[in-house]
Every structure is written in structure tokens, then in C-alpha cells.
file model_23.txt (compact mmCIF, C-alpha atoms)
# COMPACT_ATOMS: atom_id res chain seq x y z
CA ARG A 1 260.18 39.26 75.54
CA SER A 2 258.02 36.31 74.70
CA ARG A 3 256.07 35.98 71.48
CA ARG A 4 252.82 36.17 73.43
CA GLU A 5 253.80 39.58 74.83
CA ASP A 6 254.69 40.81 71.32
CA ASP A 7 251.31 39.65 69.98
CA TYR A 8 249.56 41.37 72.88
CA ASP A 9 251.37 44.67 72.17
CA ASN A 10 250.56 44.42 68.45
CA ASP A 11 246.88 43.85 69.21
CA ARG A 12 246.82 46.89 71.52
CA ARG A 13 248.45 49.11 68.88
CA ARG A 14 246.06 47.83 66.19
CA SER A 15 243.05 48.48 68.45
CA ARG A 16 244.33 52.00 69.20
CA ARG A 17 244.68 52.74 65.46
CA GLU A 18 241.14 51.50 64.83
CA ASP A 19 239.77 53.72 67.61
CA ASP A 20 241.64 56.74 66.18
CA TYR A 21 240.17 56.12 62.75
CA ASP A 22 236.63 55.72 64.16
CA ASP A 23 236.99 59.02 66.07
CA SER A 24 238.21 60.84 62.96
CA ARG A 25 235.31 59.40 60.97
CA ARG A 26 232.77 60.73 63.49
CA ARG A 27 234.44 64.14 63.56
CA ARG A 28 234.34 64.30 59.75
CA ARG A 29 230.60 63.53 59.72
CA ASP A 30 229.98 66.20 62.37
CA ARG A 31 231.93 68.79 60.35
CA GLU A 32 229.96 67.98 57.20
CA TYR A 33 226.69 68.28 59.11
CA ASP A 34 227.67 71.66 60.65
CA GLU A 35 228.81 73.01 57.28
CA SER A 36 225.50 72.03 55.64
CA ILE A 37 223.61 73.85 58.41
CA ARG A 38 225.69 77.01 57.91
CA LYS A 39 225.20 76.92 54.12
CA ARG A 40 221.46 76.50 54.54
CA GLU A 41 221.27 79.45 56.94
CA ARG A 42 223.26 81.69 54.57
CA ARG A 43 221.07 80.68 51.62
CA ARG A 44 217.89 81.36 53.60
CA GLN A 45 219.19 84.79 54.67
CA ARG A 46 220.03 85.71 51.08
CA ASN A 47 216.56 84.69 49.92
CA ASP A 48 214.89 86.80 52.64
CA ASP A 49 217.04 89.84 51.76
CA ASP A 50 216.26 89.48 48.05
CA ASP A 51 212.52 89.29 48.75
CA ASP A 52 212.64 92.41 50.94
CA ASN A 53 214.59 94.34 48.31
CA ASP A 54 212.17 93.33 45.59
CA TYR A 55 209.24 94.54 47.63
CA ASP A 56 210.86 97.89 48.60
CA THR A 57 211.84 98.70 45.00
CA ARG A 58 208.36 98.33 43.56
CA SER A 59 207.17 101.38 41.73
CA SER A 60 204.45 103.55 43.27
CA SER A 61 202.09 102.61 40.44
CA GLN A 62 202.17 99.04 41.59
CA ARG A 63 201.14 99.89 45.13
CA ARG A 64 197.65 100.68 46.34
CA PRO A 65 197.13 104.35 45.43
CA SER A 66 194.70 105.39 48.10
CA SER A 67 195.74 106.16 51.67
CA ARG A 68 192.71 104.33 52.98
CA TYR A 69 194.45 101.11 51.89
CA ASP A 70 197.55 101.81 53.93
CA LYS A 71 196.36 99.64 56.76
CA ASP A 72 195.38 96.85 54.39
CA ASP A 73 198.73 97.14 52.62
CA THR A 74 200.57 96.78 55.92
CA GLU A 75 198.53 93.76 56.88
CA TYR A 76 199.10 92.28 53.43
CA ARG A 77 202.85 92.77 53.73
CA ASP A 78 202.95 91.31 57.23
CA SER A 79 200.89 88.30 56.21
CA LYS A 80 203.14 87.73 53.21
CA ARG A 81 206.26 87.82 55.37
CA THR A 82 204.64 85.55 57.96
CA LYS A 83 203.69 83.08 55.27
CA ARG A 84 207.18 83.21 53.80
CA SER A 85 208.73 82.71 57.22
CA SER A 86 206.50 79.74 58.06
CA THR A 87 207.22 78.20 54.66
CA SER A 88 210.93 78.69 55.19
CA HIS A 89 210.81 77.14 58.65
CA SER A 90 208.74 74.22 57.37
CA SER A 91 211.16 73.65 54.51
CA SER A 92 214.09 73.87 56.89
CA PHE A 93 212.42 71.40 59.25
CA HIS A 94 211.90 68.85 56.50
CA LYS A 95 215.43 69.33 55.20
CA ASP A 96 216.81 68.84 58.71
CA LYS A 97 214.80 65.66 59.14
CA ALA A 98 215.94 64.39 55.74
CA PHE A 99 219.57 65.16 56.58
CA GLU A 100 219.20 63.48 59.97
CA ARG A 101 217.83 60.35 58.33
CA HIS A 102 220.76 60.35 55.90
CA HIS A 103 223.26 61.09 58.69
CA ASN A 104 221.94 58.58 61.21
CA THR A 105 220.07 55.83 59.39
CA THR A 106 223.05 54.66 57.33
CA LEU A 107 226.79 54.97 57.51
CA THR A 108 227.41 54.58 53.80
CA LYS A 109 228.65 57.27 51.41
CA ASN A 110 227.12 55.80 48.25
CA GLY A 111 223.86 57.76 48.36
CA THR A 112 221.76 54.65 49.05
CA SER A 113 220.20 55.96 52.23
CA SER A 114 216.55 55.11 52.66
CA SER A 115 214.07 54.74 55.47
CA SER A 116 212.69 51.55 53.94
CA SER A 117 213.63 48.25 55.52
CA SER A 118 215.23 47.01 52.27
CA GLU A 119 217.89 49.74 52.47
CA ARG A 120 218.73 49.53 56.17
CA TRP A 121 222.19 48.29 57.02
CA LEU A 122 221.56 46.78 60.47
CA ILE A 123 221.27 42.98 60.26
CA PRO A 124 221.76 40.14 62.76
CA THR A 125 225.12 38.45 63.42
CA ILE A 126 227.34 41.47 62.66
CA ARG A 127 229.59 43.26 65.12
CA VAL A 128 228.82 46.92 65.83
CA ARG A 129 229.95 49.67 68.18
CA VAL A 130 227.70 51.84 70.38
CA ILE A 131 228.38 55.55 69.73
CA SER A 132 225.77 57.04 72.07
CA LYS A 133 225.91 57.54 75.85
CA LYS A 134 222.15 56.97 76.00
CA TYR A 135 222.72 53.34 76.99
CA GLY A 136 225.17 54.06 79.79
CA SER A 137 228.82 54.94 80.09
CA ARG A 138 229.81 51.26 80.26
CA SER A 139 228.35 50.57 76.83
CA TYR A 140 229.66 53.77 75.18
CA LYS A 141 232.18 52.87 72.45
CA GLU A 142 231.88 49.19 73.39
CA LYS A 143 231.46 46.53 70.72
CA GLY A 144 228.66 44.01 70.57
CA ILE A 145 227.05 41.42 68.30
CA VAL A 146 223.58 42.04 66.86
CA LEU A 147 221.33 39.22 68.04
CA ASP A 148 218.09 40.39 66.42
CA VAL A 149 216.60 43.38 64.60
CA THR A 150 213.09 44.83 64.72
CA HIS A 151 211.05 47.42 62.79
CA GLY A 152 212.73 46.48 59.54
CA GLY A 153 216.23 47.03 60.89
CA ALA A 154 215.62 50.31 62.71
CA PHE A 155 216.35 48.77 66.13
CA GLY A 156 218.50 45.90 67.29
CA THR A 157 219.22 43.71 70.31
CA LEU A 158 222.94 43.55 71.14
CA GLN A 159 225.09 41.10 73.08
CA MET A 160 227.91 43.30 74.38
CA THR A 161 231.47 42.13 74.96
CA SER A 162 230.91 42.44 78.70
CA GLY A 163 227.98 40.02 78.49
CA GLU A 164 225.30 42.67 78.92
CA VAL A 165 222.30 42.55 76.58
CA LEU A 166 220.97 45.85 75.22
CA ASP A 167 217.45 45.87 73.81
CA LYS A 168 215.91 48.28 71.29
CA VAL A 169 219.13 50.06 70.31
CA ALA A 170 218.45 52.46 67.42
CA ASP A 171 220.63 52.02 64.32
CA ARG A 172 221.50 55.72 64.43
CA HIS A 173 223.31 55.07 67.72
CA LEU A 174 225.51 52.37 66.17
CA GLU A 175 228.34 52.09 63.69
CA THR A 176 229.93 49.09 62.03
CA ALA A 177 232.94 47.36 63.58
CA LEU A 178 235.61 46.00 61.26
CA PRO A 179 237.26 42.59 61.55
CA LYS A 180 240.98 42.06 61.73
CA VAL A 181 242.79 41.38 58.47
CA GLY A 182 242.04 37.79 57.57
CA GLY A 183 238.72 37.74 59.41
CA ASN A 184 235.23 37.20 58.02
CA ALA A 185 233.32 40.24 56.77
CA ILE A 186 230.03 41.06 55.07
CA VAL A 187 229.11 43.81 52.61
CA LEU A 188 226.11 45.87 53.79
CA THR A 189 225.28 48.01 50.73
CA GLY A 190 225.77 48.28 47.00
CA ARG A 191 226.03 45.69 44.24
CA HIS A 192 227.64 43.10 46.55
CA LYS A 193 225.14 43.61 49.38
CA PHE A 194 225.10 40.74 51.90
CA CYS A 195 228.02 39.00 50.19
CA LYS A 196 230.43 37.41 52.67
CA GLY A 197 234.16 37.26 52.25
CA GLN A 198 237.57 37.50 53.84
CA PHE A 199 238.85 40.92 54.90
CA MET A 200 242.13 41.24 53.03
CA GLU A 201 243.31 44.83 53.43
CA ARG A 202 242.48 48.03 55.29
CA ASN A 203 243.59 51.55 54.31
CA SER A 204 242.51 53.98 57.02
CA LYS A 205 243.95 56.96 55.14
CA SER A 206 241.74 56.46 52.10
CA GLY A 207 238.87 54.90 54.04
CA LYS A 208 238.87 51.83 51.79
CA GLY A 209 239.03 48.11 52.40
CA VAL A 210 239.46 45.03 50.24
CA ILE A 211 237.28 41.92 50.58
CA GLN A 212 237.72 38.61 48.76
CA VAL A 213 234.16 37.42 48.12
CA PHE A 214 233.66 33.74 48.91
CA ASP A 215 231.13 33.18 46.08
CA ASP A 216 233.47 33.87 43.17
CA MET A 217 236.77 34.63 45.01
CA SER A 218 236.87 38.08 43.41
CA LEU A 219 238.58 41.03 45.13
CA VAL A 220 236.25 43.96 45.83
CA THR A 221 237.35 47.39 47.07
CA LEU A 222 234.75 49.12 49.23
CA SER A 223 234.36 51.95 51.67
CA LEU A 224 235.10 50.86 55.22
CA ASP A 225 231.64 52.15 56.16
CA ASP A 226 230.09 49.46 53.93
CA ILE A 227 231.86 46.59 55.70
CA ALA A 228 231.14 44.89 59.02
CA GLU A 229 232.60 41.91 60.83
CA TRP A 230 230.53 38.76 60.29
CA CYS A 231 230.20 36.67 63.45
CA GLY A 232 227.97 33.84 62.25
CA PRO A 233 228.27 30.73 60.09
CA LEU A 234 229.33 31.40 56.52
CA ASP A 235 226.49 29.30 55.09
CA ASP A 236 223.74 31.47 56.62
CA ASP A 237 221.50 33.05 53.97
CA MET A 238 220.49 36.72 54.37
call {"tool": "encode", "arguments": {"input": "model_23.txt", "output": "C-alpha cells"}}
result
Amino acid sequence: RSRREDDYDNDRRRSRREDDYDDSRRRRRDREYDESIRKRERRRQRNDDDDDNDYDTRSSSQRRPSSRYDKDDTEYRDSKRTKRSSTSHSSSFHKDKAFERHHNTTLTKNGTSSSSSSERWLIPTIRVRVISKKYGSRSYKEKGIVLDVTHGGAFGTLQMTSGEVLDKVADRHLETALPKVGGNAIVLTGRHKFCKGQFMERNSKSGKGVIQVFDDMSLVTLSLDDIAEWCGPLDDDM
């Protein structure tokens, strides 16, 4: 076997390991999302049961004494339950939207999620992967370079590996793509945000990576979700 064939096989195995890690990362996020939904439903059910028990155990002296108020009492109880139900649904709706923004807007685990443009992770000249079938089966799981971003980083224009250009791709339909060891990388969140460096080490088991920052040559350990491959000149200012 020639050396070129060995390098080709090593690249294929490395790419397969990266795809396996990306799949496990998506499955872990989906499990966390489903578990939060189940916990919220159980908590809401407990609150409804407690409210019903509190109402049923009221003493007769606390209720309207006259029978002519029975109809009013029923209407009062129904309106109270309707109001409680609408409030619960409204609260659940807002919580779902907040969780969706946290789940989709950013891929970091540092609690820095925000809908403001200053906290968005999508920037030009990084390599990303499409994780939605909305843009066609050919683009699903394919990598591309971000050419431009709009709406403060909420949408981006991608140059795919196949040469196709995708316009107005939402950041929630993308995830970061990592460089090979020794390649150029950029930090997307945290204290070293937008610092460029060399990707030194990748630990898929712990979900951590090591970058040597070009500015001070220090070694920084970060979550793999906070790192993306940098495809532009190293002297570009963010």
C-alpha cells in the first residue's frame, strides 16, 4: 500500500469518528429537551392537583352560605380554573419559546445564550454543517463556509462544499464544524471570544478541545461546541 492510500484511509476514519460524535451530540441535546418537557408537564400536573385539593377541602364557612349563590359559585370556580389554565398555557408557551431559543440559537453550554446580536455565534468565514433537511437532502449534513450573516447573525449565506450557495440559512439549522488537529480555529463564546488559534487536541469523550491562541500563545481548553474552523486570513479583525 502506498502512503497516499494510507492517508486516504486515515482521513476517512477520522471523518467517520467526527460524524459519530456530531450524531451523539445531537441525540444528547434531544434527550435533554425531551426530559425538560416531561419535567414541566409533571410539575404542571402537580400544581393543578394541589389547587383542586385546596379548593375541595375548604370549610363550609368559607363558601357562599345561600343556595341562591350556587350558580354563581359554579361560575366562579369555572372562571378560576379557566384563568389558571390559560395562565399555565401562557407560561408554558413562553418557557417553550425560551428553551427553543436556548436550544437553537446557540450551541454553547456556558449559559451565554442570548437573542441579541452581540451574543450570537454565527459569523462570516467559519465552517459549519447544515443539520436540517429544510434546504434539501443534498445539503443535509454537508459542510459549508459562511460568506455573510444578516439580522445580527440570525441568518447566514453559505458556500457549500459542492459549490452550491444557500441563502438565508437560520443559525438554529446549523452547527459548528471542527478543523483537523493542527488547523486554524476560532473561539465563538466566552472570555476568549473571537480569538484565533491552532487546534491542538480533540477529546470527543469529554467534549473538550485545546486551542493555542495566536495572540499570547497560551493553551486554552474549551468545549468543542465553542470552537469552529476558521477559513479566512488570520489577520482579519472581528
call {"tool": "closest_atom_pairs", "arguments": {"input": "model_23.txt", "of": "segment 192-211 of chain A", "to": "segment 175-180 of chain A", "cutoff": "10 Å", "atoms": "only C-alpha atoms", "output": "Markdown table"}}
result
| residue | atom | partner | partner_atom | distance |
| --- | --- | --- | --- | --- |
| A:Gln198 | CA | A:Pro179 | CA | 9.2 |
| A:Phe199 | CA | A:Pro179 | CA | 7.0 |
| A:Met200 | CA | A:Lys180 | CA | 8.8 |
| A:Glu201 | CA | A:Lys180 | CA | 9.1 |
| A:Arg202 | CA | A:Lys180 | CA | 8.9 |
| A:Gly209 | CA | A:Leu178 | CA | 9.7 |
call {"tool": "atom_distance", "arguments": {"input": "model_23.txt", "atom1": "atom CA of Arg191 of chain A", "atom2": "atom CA of Val220 of chain A"}}
result
10.5 Å
call {"tool": "atom_distance", "arguments": {"input": "model_23.txt", "atom1": "atom CA of Gly207 of chain A", "atom2": "atom CA of Ser223 of chain A"}}
result
5.9 Å
call {"tool": "closest_residue", "arguments": {"input": "model_23.txt", "among": "A:Asp225, A:Asp215, A:Gly144, A:His151", "to": "Arg29 of chain A", "atoms": "only C-alpha atoms"}}
result
A:Asp225
call {"tool": "closest_residue", "arguments": {"input": "model_23.txt", "among": "A:His192, A:Lys168, A:Trp230, A:Val210", "to": "Ile145 of chain A", "atoms": "only C-alpha atoms"}}
result
A:Trp230
call {"tool": "residues_around", "arguments": {"input": "model_23.txt", "residues": "Cys231 of chain A", "least_positions_apart": "4", "cutoff": "7 Å", "atoms": "all atoms listed in the file", "output": "list in words"}}
result
Thr125, Ile126 and Arg127 of chain A
call {"tool": "residues_around", "arguments": {"input": "model_23.txt", "residues": "Cys195 of chain A", "least_positions_apart": "4", "cutoff": "9 Å", "atoms": "only C-alpha atoms", "output": "PyMOL selection string"}}
result
chain A and resi 185-188+213-215+238
call {"tool": "axis_aligned_box", "arguments": {"input": "model_23.txt", "around": "segment 213-226 of chain A", "padding_each_side": "8 Å", "output": "AutoDock Vina command-line options"}}
result
--center_x 234.3 --center_y 42.7 --center_z 49.7 --size_x 24.5 --size_y 35.0 --size_z 29.0
call {"tool": "closest_residue", "arguments": {"input": "model_23.txt", "among": "A:Val181, A:Ala154, A:Leu147, A:Ile131", "to": "Leu166 of chain A", "atoms": "all atoms listed in the file"}}
result
A:Leu147
call {"tool": "atom_distance", "arguments": {"input": "model_23.txt", "atom1": "atom CA of Val130 of chain A", "atom2": "atom CA of Met160 of chain A"}}
result
9.4 Å
call {"tool": "closest_residue", "arguments": {"input": "model_23.txt", "among": "A:Asp22, A:Phe194, A:Asp48, A:Glu41", "to": "Arg129 of chain A", "atoms": "all atoms listed in the file"}}
result
A:Asp22
